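Coordinates from final-v4.txt are shown below (compact mmCIF, C-alpha atoms).
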# COMPACT_ATOMS: atom_id res chain seq x y z
CA MET L 1 108.14 117.21 9.68
CA ASP L 2 106.44 114.89 7.18
CA LEU L 3 109.75 113.05 6.76
CA LEU L 4 110.00 111.95 10.38
CA GLY L 5 110.02 108.18 10.65
CA GLU L 6 110.44 107.67 6.90
CA ASP L 7 113.32 106.51 4.74
CA ILE L 8 114.91 109.93 4.18
CA PRO L 9 116.78 109.13 0.92
CA GLU L 10 113.64 107.59 -0.56
CA ALA L 11 111.51 110.56 0.47
CA ILE L 12 114.04 112.97 -1.06
CA TYR L 13 114.15 110.86 -4.23
CA ARG L 14 110.35 110.98 -4.60
CA ARG L 15 110.28 114.72 -4.01
CA ALA L 16 113.13 115.43 -6.44
CA LYS L 17 111.55 113.24 -9.10
CA LYS L 18 108.28 115.12 -8.77
CA VAL L 19 109.80 118.62 -8.78
CA PHE L 20 112.46 118.13 -11.45
CA ASP L 21 110.56 115.59 -13.54
CA MET L 22 113.51 113.20 -13.36
CA ALA L 23 113.80 110.63 -16.12
CA SER L 24 112.72 107.13 -15.27
CA SER L 25 116.30 105.97 -15.94
CA VAL L 26 117.33 107.43 -12.55
CA THR L 27 116.21 104.72 -10.21
CA LEU L 28 116.12 104.74 -6.43
CA PRO L 29 119.08 102.29 -6.16
CA ASP L 30 121.11 104.60 -8.45
CA PHE L 31 120.18 107.56 -6.28
CA ARG L 32 121.28 105.74 -3.11
CA LYS L 33 124.56 104.78 -4.78
CA GLN L 34 125.28 108.41 -5.72
CA ILE L 35 124.65 109.52 -2.13
CA ALA L 36 127.05 106.89 -0.82
CA GLU L 37 129.75 107.95 -3.28
CA CYS L 38 129.39 111.61 -2.29
CA LYS L 39 129.70 110.68 1.36
CA ARG L 40 132.86 108.66 0.73
CA SER L 41 134.43 111.47 -1.28
CA ARG L 42 133.92 113.90 1.59
CA GLY L 43 135.75 111.63 4.01
CA ASN L 44 135.52 111.89 7.76
CA LYS L 45 134.83 115.34 9.11
CA SER L 46 137.60 116.49 11.40
CA ASN L 47 137.17 118.41 14.61
CA VAL L 48 140.47 120.14 13.95
CA ASP L 49 141.74 122.43 11.21
CA GLU L 50 145.35 122.79 10.15
CA GLY L 51 145.67 126.16 11.85
CA GLY L 52 145.29 124.73 15.33
CA LYS L 53 141.67 125.78 15.82
CA VAL L 54 139.75 123.03 17.61
CA MET L 55 136.01 122.44 17.82
CA ALA L 56 134.48 122.05 21.27
CA SER L 57 132.86 118.78 20.18
CA VAL L 58 136.07 116.96 21.10
CA LEU L 59 135.38 117.81 24.76
CA PHE L 60 131.93 116.34 25.23
CA ASP L 61 130.70 112.88 24.41
CA PRO L 62 127.60 112.96 22.18
CA ASN L 63 126.25 110.01 24.16
CA PRO L 64 123.86 111.59 26.70
CA LYS L 65 124.54 108.75 29.12
CA ALA L 66 128.22 109.65 29.31
CA CYS L 67 129.05 111.30 32.61
CA CYS L 68 132.52 112.72 32.33
CA GLY L 69 133.17 113.88 28.78
CA ARG L 70 135.76 112.68 26.35
CA ILE L 71 138.87 111.02 27.65
CA PRO L 72 142.26 112.12 26.32
CA ASP L 73 144.01 109.37 24.38
CA SER L 74 147.22 109.68 26.35
CA ASP L 75 149.31 111.98 28.49
CA ASP L 76 152.16 113.57 26.58
CA PRO L 77 155.47 114.02 28.39
CA PRO L 78 156.55 117.58 29.14
CA ALA L 79 158.93 119.31 26.77
CA LYS L 80 162.43 119.98 28.11
CA LEU L 81 165.41 121.89 26.85
CA GLY L 82 167.17 119.81 24.23
CA CYS L 83 164.27 117.35 23.85
CA ASN L 84 162.08 117.54 20.76
CA TYR L 85 158.80 116.21 22.08
CA TRP L 86 155.52 116.47 20.17
CA THR L 87 157.06 116.48 16.70
CA THR L 88 155.12 113.38 15.67
CA PRO L 89 151.47 113.59 14.56
CA THR L 90 149.13 111.23 16.40
CA PRO L 91 145.31 110.96 16.51
CA HIS L 92 145.13 112.82 19.82
CA ARG L 93 147.35 115.76 18.78
CA THR L 94 146.79 118.86 16.65
CA ARG L 95 149.36 120.72 14.56
CA LEU L 96 149.93 124.10 16.19
CA SER L 97 150.01 125.96 12.88
CA LEU L 98 150.34 125.38 9.14
CA ASN L 99 154.10 125.90 9.20
CA SER L 100 154.69 124.15 12.50
CA SER L 101 156.32 120.79 13.07
CA PHE L 102 154.96 120.63 16.63
CA TYR L 103 151.73 119.02 17.76
CA MET L 104 149.85 119.53 21.02
CA ASP L 105 147.14 117.56 22.78
CA THR L 106 143.84 118.27 21.01
CA VAL L 107 141.73 118.14 24.16
CA LYS L 108 143.98 120.62 25.95
CA LEU L 109 143.78 123.04 23.02
CA ALA L 110 140.00 122.68 22.88
CA GLU L 111 139.67 123.34 26.61
CA CYS L 112 141.72 126.52 26.42
CA GLN L 113 140.00 127.76 23.26
CA ARG L 114 136.54 127.12 24.71
CA TYR L 115 137.06 129.71 27.44
CA MET L 116 139.93 131.93 26.26
CA GLY L 117 139.87 131.56 22.48
CA PRO L 118 138.76 134.23 19.99
CA GLU L 119 135.39 132.51 19.48
CA SER L 120 134.63 131.99 23.17
CA ALA L 121 131.49 133.47 24.68
CA SER L 122 133.59 135.72 26.91
CA LYS L 123 133.57 139.37 25.91
CA LYS L 124 137.24 139.67 26.79
CA LYS L 125 139.36 137.58 24.41
CA ASP L 126 142.42 137.24 26.60
CA TRP L 127 145.20 135.88 24.45
CA HIS L 128 147.61 136.54 27.33
CA ILE L 129 146.02 133.79 29.42
CA TYR L 130 145.82 131.45 26.44
CA ALA L 131 149.48 131.90 25.48
CA ARG L 132 150.65 131.55 29.07
CA MET L 133 148.69 128.34 29.56
CA LEU L 134 150.09 126.71 26.41
CA VAL L 135 153.66 127.52 27.42
CA GLN L 136 153.05 126.13 30.91
CA HIS L 137 151.31 123.04 29.55
CA ALA L 138 154.23 122.35 27.23
CA ALA L 139 156.55 122.35 30.25
CA GLY L 140 154.36 119.97 32.27
CA GLY L 141 151.83 122.32 33.83
CA GLU L 142 151.72 125.50 35.87
CA ALA L 143 153.50 124.13 38.93
CA ALA L 144 156.20 122.29 36.96
CA PHE L 145 156.87 125.35 34.80
CA PHE L 146 157.31 127.64 37.78
CA ARG L 147 159.51 125.17 39.64
CA ILE L 148 161.83 124.86 36.64
CA CYS L 149 162.06 128.65 36.41
CA LEU L 150 163.06 128.92 40.07
CA GLU L 151 165.58 126.10 39.71
CA ARG L 152 167.20 127.80 36.74
CA ARG L 153 167.30 131.12 38.56
CA LYS L 154 168.98 129.47 41.53
CA ALA L 155 171.54 127.95 39.17
CA GLN L 156 172.02 131.42 37.62
CA LEU L 157 170.81 130.24 34.23
CA LYS L 158 168.55 131.99 31.76
CA LEU L 159 164.87 131.41 32.40
CA ASN L 160 164.41 129.50 29.16
CA VAL L 161 162.16 126.57 29.99
CA LEU L 162 161.40 125.62 26.37
CA ASP L 163 163.57 125.37 23.29
CA ALA L 164 163.20 128.24 20.83
CA PRO L 165 161.51 126.13 18.08
CA ILE L 166 158.56 124.98 20.21
CA ARG L 167 158.30 128.42 21.80
CA ASP L 168 158.15 130.00 18.34
CA ALA L 169 155.53 127.45 17.30
CA ILE L 170 153.31 128.48 20.22
CA ILE L 171 153.74 132.16 19.35
CA GLU L 172 152.83 131.52 15.71
CA HIS L 173 149.83 129.47 16.81
CA VAL L 174 148.53 132.31 19.01
CA VAL L 175 149.02 134.90 16.25
CA ASP L 176 147.23 132.68 13.71
CA LEU L 177 144.38 131.90 16.10
CA TYR L 178 143.61 135.48 17.17
CA LYS L 179 143.03 137.00 13.75
CA ALA L 180 139.50 138.24 14.41
CA PRO L 181 137.78 140.31 15.55
CA ASP L 182 140.97 142.04 16.73
CA ALA L 183 144.23 140.74 15.31
CA VAL L 184 147.05 140.11 17.77
CA PRO L 185 150.42 140.75 16.09
CA ASP L 186 153.65 138.88 16.69
CA LYS L 187 155.24 142.01 18.18
CA LEU L 188 152.81 141.74 21.12
CA VAL L 189 152.77 137.99 21.61
CA ARG L 190 156.50 137.33 21.41
CA PRO L 191 157.63 139.74 24.18
CA PHE L 192 154.87 138.48 26.45
CA VAL L 193 155.76 134.79 25.97
CA LEU L 194 159.43 135.54 26.58
CA ASN L 195 158.98 137.75 29.63
CA PHE L 196 155.83 136.88 31.60
CA VAL L 197 157.82 134.57 33.87
CA HIS L 198 159.86 137.52 35.20
CA TYR L 199 156.66 139.17 36.44
CA ASP L 200 155.55 135.91 38.08
CA ILE L 201 158.86 135.54 39.89
CA LYS L 202 158.59 139.08 41.26
CA LEU L 203 155.20 138.19 42.74
CA TYR L 204 156.66 135.00 44.20
CA ASP L 205 159.51 136.94 45.83
CA LYS L 206 156.94 139.28 47.39
CA GLY L 207 155.16 136.26 48.87
CA ILE L 208 151.79 136.93 47.24
CA THR L 209 151.37 133.72 45.24
CA ARG L 210 150.10 130.26 46.14
CA TRP L 211 153.49 128.69 45.42
CA TYR L 212 155.98 127.45 47.98
CA PHE L 213 158.96 125.23 47.19
CA PRO L 214 160.91 124.57 50.42
CA GLU L 215 163.99 123.30 48.61
CA LEU L 216 164.16 126.56 46.65
CA ASP L 217 163.06 129.02 49.33
CA GLN L 218 164.63 129.74 52.71
CA ARG L 219 161.55 131.56 53.96
CA PRO L 220 159.01 129.71 56.11
CA LYS L 221 155.74 128.78 54.49
CA ALA L 222 153.18 131.56 54.79
CA GLU L 223 150.19 130.76 57.02
CA THR L 224 147.77 131.57 54.23
CA VAL L 225 149.53 129.17 51.85
CA ALA L 226 149.45 126.46 54.53
CA LEU L 227 145.73 127.13 55.11
CA LEU L 228 145.03 126.96 51.39
CA GLU L 229 146.94 123.70 50.95
CA ALA L 230 145.12 122.19 53.94
CA GLN L 231 141.80 122.53 52.06
CA GLU L 232 143.03 120.77 48.92
CA TYR L 233 142.07 117.20 49.82
CA TRP L 234 140.60 117.04 46.32
CA ARG L 235 143.98 116.78 44.62
CA THR L 236 144.14 113.10 45.60
CA PRO L 237 141.75 110.45 44.22
CA ALA L 238 139.75 108.28 46.62
CA PRO L 239 136.82 105.82 46.36
CA ASP L 240 134.37 108.35 47.81
CA ARG L 241 135.41 111.09 45.37
CA THR L 242 134.41 111.93 41.82
CA GLN L 243 136.88 113.19 39.23
CA LEU L 244 135.43 116.35 37.73
CA ARG L 245 137.04 115.91 34.32
CA PRO L 246 139.40 113.39 32.71
CA GLY L 247 142.93 114.74 32.58
CA HIS L 248 142.35 117.10 35.53
CA HIS L 249 143.47 116.18 39.03
CA VAL L 250 140.35 117.40 40.80
CA TYR L 251 138.52 114.76 42.85
CA ILE L 252 135.54 116.12 44.79
CA LYS L 253 133.69 114.17 47.47
CA THR L 254 130.71 112.62 45.74
CA LYS L 255 128.31 113.52 48.56
CA ALA L 256 129.42 117.14 48.38
CA LEU L 257 128.76 117.22 44.63
CA GLU L 258 125.33 115.71 45.15
CA SER L 259 124.50 118.26 47.84
CA ILE L 260 125.54 121.22 45.69
CA ALA L 261 123.63 119.83 42.71
CA SER L 262 120.49 119.38 44.80
CA TYR L 263 120.44 123.13 45.53
CA PHE L 264 121.83 124.64 42.31
CA GLY L 265 121.95 121.86 39.68
CA PRO L 266 119.76 121.60 36.56
CA GLN L 267 117.09 119.61 38.44
CA SER L 268 116.94 122.01 41.39
CA LYS L 269 114.61 124.93 41.94
CA GLU L 270 117.44 127.45 41.46
CA ASN L 271 118.80 125.77 38.31
CA CYS L 272 121.76 128.19 38.14
CA ILE L 273 125.13 127.25 36.69
CA LYS L 274 126.88 130.27 38.22
CA GLN L 275 125.68 129.41 41.72
CA TYR L 276 126.60 125.77 41.16
CA SER L 277 130.16 126.52 40.01
CA CYS L 278 130.59 129.14 42.74
CA ALA L 279 129.48 126.70 45.45
CA LEU L 280 131.93 124.16 44.04
CA LEU L 281 134.79 126.67 44.30
CA MET L 282 133.77 127.52 47.86
CA HIS L 283 133.83 123.82 48.74
CA MET L 284 137.30 123.49 47.22
CA LEU L 285 138.45 126.33 49.47
CA GLY L 286 137.13 124.63 52.60
CA GLY L 287 133.70 126.21 52.82
CA MET L 288 132.37 129.76 52.85
CA LYS L 289 134.06 130.83 56.09
CA THR L 290 137.53 129.60 55.16
CA ALA L 291 137.16 130.89 51.62
CA PHE L 292 136.21 134.31 52.97
CA ASN L 293 139.18 134.38 55.34
CA LEU L 294 141.54 133.55 52.48
CA TRP L 295 139.91 136.11 50.21
CA GLN L 296 139.70 138.86 52.84
CA GLY L 297 143.38 138.55 53.70
CA LYS L 298 144.32 139.68 50.17
CA GLN L 299 147.43 137.55 50.44
CA PHE L 300 147.14 136.23 46.91
CA THR L 301 147.50 138.35 43.81
CA ASP L 302 144.32 138.49 41.69
CA GLY L 303 142.18 137.45 44.66
CA LEU L 304 140.33 134.17 44.14
CA ARG L 305 142.12 133.59 40.84
CA GLY L 306 145.45 133.41 42.66
CA MET L 307 144.18 130.61 44.90
CA PHE L 308 143.60 128.16 42.05
CA LEU L 309 145.48 126.72 39.14
CA LEU L 310 143.78 127.75 35.92
CA ASP L 311 143.61 124.06 35.08
CA ASP L 312 141.44 123.54 38.18
CA LEU L 313 139.09 126.36 37.19
CA ILE L 314 138.71 124.93 33.69
CA ALA L 315 137.85 121.54 35.21
CA VAL L 316 135.10 123.17 37.29
CA CYS L 317 133.68 125.00 34.27
CA LEU L 318 133.76 121.97 31.96
CA HIS L 319 132.10 119.86 34.64
CA SER L 320 129.43 122.52 35.18
CA ASP L 321 128.79 122.96 31.45
CA GLU L 322 128.32 119.23 30.99
CA LEU L 323 126.12 118.87 34.06
CA PHE L 324 123.81 121.53 32.61
CA HIS L 325 123.81 119.66 29.26
CA LEU L 326 125.58 122.57 27.48
CA ALA L 327 122.31 124.54 27.56
CA VAL L 328 124.25 127.24 29.41
CA SER L 329 127.94 127.77 30.00
CA VAL L 330 130.15 129.42 32.59
CA SER L 331 133.72 130.58 31.99
CA PRO L 332 136.48 130.74 34.60
CA GLN L 333 136.28 134.54 34.56
CA ALA L 334 132.50 134.59 35.05
CA CYS L 335 132.77 132.01 37.81
CA LEU L 336 135.41 134.05 39.65
CA GLN L 337 133.45 137.28 39.29
CA PHE L 338 130.28 135.72 40.66
CA SER L 339 132.24 134.13 43.52
CA SER L 340 133.83 137.49 44.40
CA VAL L 341 130.37 139.02 44.65
CA ARG L 342 129.37 136.21 47.01
CA MET L 343 132.46 136.96 49.11
CA MET L 344 131.54 140.64 49.37
CA ARG L 345 127.97 139.75 50.33
CA HIS L 346 129.25 137.35 52.98
CA GLY L 347 131.57 140.08 54.27
CA ARG L 348 128.68 142.52 54.68
CA ASN L 349 126.76 139.92 56.66
CA GLU L 350 129.78 139.38 58.91
CA VAL L 351 130.08 143.12 59.58
CA ARG L 352 126.35 143.32 60.30
CA ASN L 353 126.62 140.49 62.82
CA GLU L 354 129.62 142.11 64.52
CA ILE L 355 127.72 145.36 64.94
CA CYS L 356 124.69 143.48 66.22
CA ALA L 357 126.80 141.57 68.75
CA ALA L 358 128.51 144.78 69.92
CA ASN L 359 125.09 146.26 70.64
CA GLY L 360 124.03 143.24 72.67
CA GLY L 361 121.94 141.67 69.94
CA ARG L 362 121.93 138.13 68.63
CA PRO L 363 123.92 137.53 65.44
CA ARG L 364 121.87 136.38 62.49
CA ALA L 365 122.48 132.71 61.69
CA ALA L 366 123.59 131.85 58.17
CA ARG L 367 120.55 130.62 56.28
CA SER L 368 121.52 131.09 52.65
CA LEU L 369 121.28 128.24 50.18
CA PHE L 370 125.06 128.28 49.96
CA HIS L 371 125.24 127.53 53.68
CA PHE L 372 123.00 124.49 53.29
CA ALA L 373 124.56 123.31 50.03
CA LEU L 374 128.03 123.35 51.59
CA GLY L 375 126.87 121.73 54.81
CA VAL L 376 127.89 118.23 53.72
CA SER L 377 131.42 117.43 54.87

Take the structure in the file and write it out as structure tokens.
Amino acid sequence: MDLLGEDIPEAIYRRAKKVFDMASSVTLPDFRKQIAECKRSRGNKSNVDEGGKVMASVLFDPNPKACCGRIPDSDDPPAKLGCNYWTTPTPHRTRLSLNSSFYMDTVKLAECQRYMGPESASKKKDWHIYARMLVQHAAGGEAAFFRICLERRKAQLKLNVLDAPIRDAIIEHVVDLYKAPDAVPDKLVRPFVLNFVHYDIKLYDKGITRWYFPELDQRPKAETVALLEAQEYWRTPAPDRTQLRPGHHVYIKTKALESIASYFGPQSKENCIKQYSCALLMHMLGGMKTAFNLWQGKQFTDGLRGMFLLDDLIAVCLHSDELFHLAVSVSPQACLQFSSVRMMRHGRNEVRNEICAANGGRPRAARSLFHFALGVS
């Protein structure tokens, strides 16, 4: 603490000279010169290693006045069969693995690794979700990937959305990344990457996903899908909306964000990141009542998870983490679990009110903080 406010190199020089009885020939200018040479020899510290592991520091601007994190340098085009995209190193890309000739957007890798990577705070290191998201991202995103799969099935073609080289690069990247604490071998990753789309298509055929492509499906749109899509005003930017994170198409009404923050944000009495992120999800689903109706219907596989793109959930979590100044963090899985508990609690209140009304009583009005936080339209 004695060094605060002083010339640090000079203070270190004085201390070293006293302790080691340095010869008078080693002057302070010489000492400063040696420090500068050591710094130059180290070079610039990278946020990325050659194995595709990315530090979370690329996601958040060290400037405390920044409001929306780091901005990706550019949007890479999606990979397509026969097109060798992402084979050129650029400042905003990271080599997928030591032996790979493919590079992927550094920010996207960092986002996925923050919440699904082997060093994430989550107890469950789900490489399945991580591998799936990289494959989908390479093809242009979750929706684009699934549309291409359905188009190829309709044309009676193999469901190969990516060329084998980039697919193999993603597999090698996942195997290299998940070495500890529990290694994930190639014999597990490869079959999953090649076959997970078949499981997704089965769910789509059963009508229990959020997807509907009228040009590829003769069935009418399910009412629950139509209701869900009707709530998603936030997919379109507008002057009165705030983009949660750069690179994510989530634009929430600014007044709604301010209302939720006033009840659950870092300056509020509750000061709870889980309640904040949960309230944000409820708003994105049209409010507590609509969210409960969608959840109660069990129309979507995986419950609340099936109502969102994973990219949307990551945007909510990154926004929440930054709003709380990284003092605490919430993962997509934790956010969904907390939100499911809120849904069950809301359901019990609804049942209680129905019983009360059947017995001639007056239903209890909603007075929870969530009700007030979501009251701004």

Using all atoms listed in the file, find each residue in range 104-204 of chain L having at least one atom no more than 10 Å away from range 296-310 of chain L; report its shortest atom-to-atom pair and that distance in Å (one decimal), rows by chain then rising number, as JSON lines.
{"residue": "L:Cys112", "atom": "CA", "partner": "L:Leu310", "partner_atom": "CA", "distance": 9.8}
{"residue": "L:Ile129", "atom": "CA", "partner": "L:Leu310", "partner_atom": "CA", "distance": 9.2}
{"residue": "L:Met133", "atom": "CA", "partner": "L:Leu310", "partner_atom": "CA", "distance": 8.1}
{"residue": "L:Gly141", "atom": "CA", "partner": "L:Leu309", "partner_atom": "CA", "distance": 9.4}
{"residue": "L:Glu142", "atom": "CA", "partner": "L:Leu309", "partner_atom": "CA", "distance": 7.1}
{"residue": "L:Ala143", "atom": "CA", "partner": "L:Leu309", "partner_atom": "CA", "distance": 8.4}
{"residue": "L:Leu203", "atom": "CA", "partner": "L:Thr301", "partner_atom": "CA", "distance": 7.8}
{"residue": "L:Tyr204", "atom": "CA", "partner": "L:Thr301", "partner_atom": "CA", "distance": 9.8}

Protein, DNA and RNA residues within 7 Å of (138.6, 123.5, 39.6), all atoms listed in the file, as JSON, numbers by chain: {"L": [250, 281, 311, 312, 313, 314, 315, 316]}

Counting all atoms listed in the file, the residue of L:Gly286, L:Pro239, L:Gly247, L:Pro9 that sits nearest Pro29 in chain L: L:Pro9

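Ranking L:Arg95, L:His283, L:Lys179, L:Arg147 by their shortest atom-to-atom distance to Pro214 in chain L, with all atoms listed in the file included, puts L:Arg147 first.
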
So that each row is one residue of range 235-296 of chain L with an atom at most 7 Å from range 336-356 of chain L, can you give its shortest atom pair and the distance in Å to one decimal, using only C-alpha atoms, rows by chain and rising number, as a tab-separated table?
residue	atom	partner	partner_atom	distance
L:Lys274	CA	L:Phe338	CA	6.9
L:Cys278	CA	L:Ser339	CA	5.3
L:Phe292	CA	L:Met343	CA	6.0

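The two atoms in question, CA of Phe324 in chain L and CA of Leu285 in chain L, are spaced 22.8 Å apart.
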
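Between CA of His128 in chain L and CA of Phe192 in chain L lies a distance of 7.6 Å.
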
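When all atoms listed in the file are used to measure the gap to Ser329 in chain L, the shortest distance among L:Tyr115, L:Val193, L:Tyr251, L:Ala358 belongs to L:Tyr115.
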
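Among L:Ser101, L:Thr27, L:Asn359, L:Thr290, the residue with the shortest atom-to-atom distance to Leu228 in chain L, counting all atoms listed in the file, is L:Thr290.
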
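Picture a line from CA of Asn293 in chain L to CA of Ile273 in chain L; it runs 24.4 Å.
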
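Residues with any atom within 10 Å of Pro165 in chain L, counting all atoms listed in the file and excluding same-chain neighbours fewer than 6 positions away, are Asn84, Ser100, Ser101, Phe102 and Ile171 of chain L.
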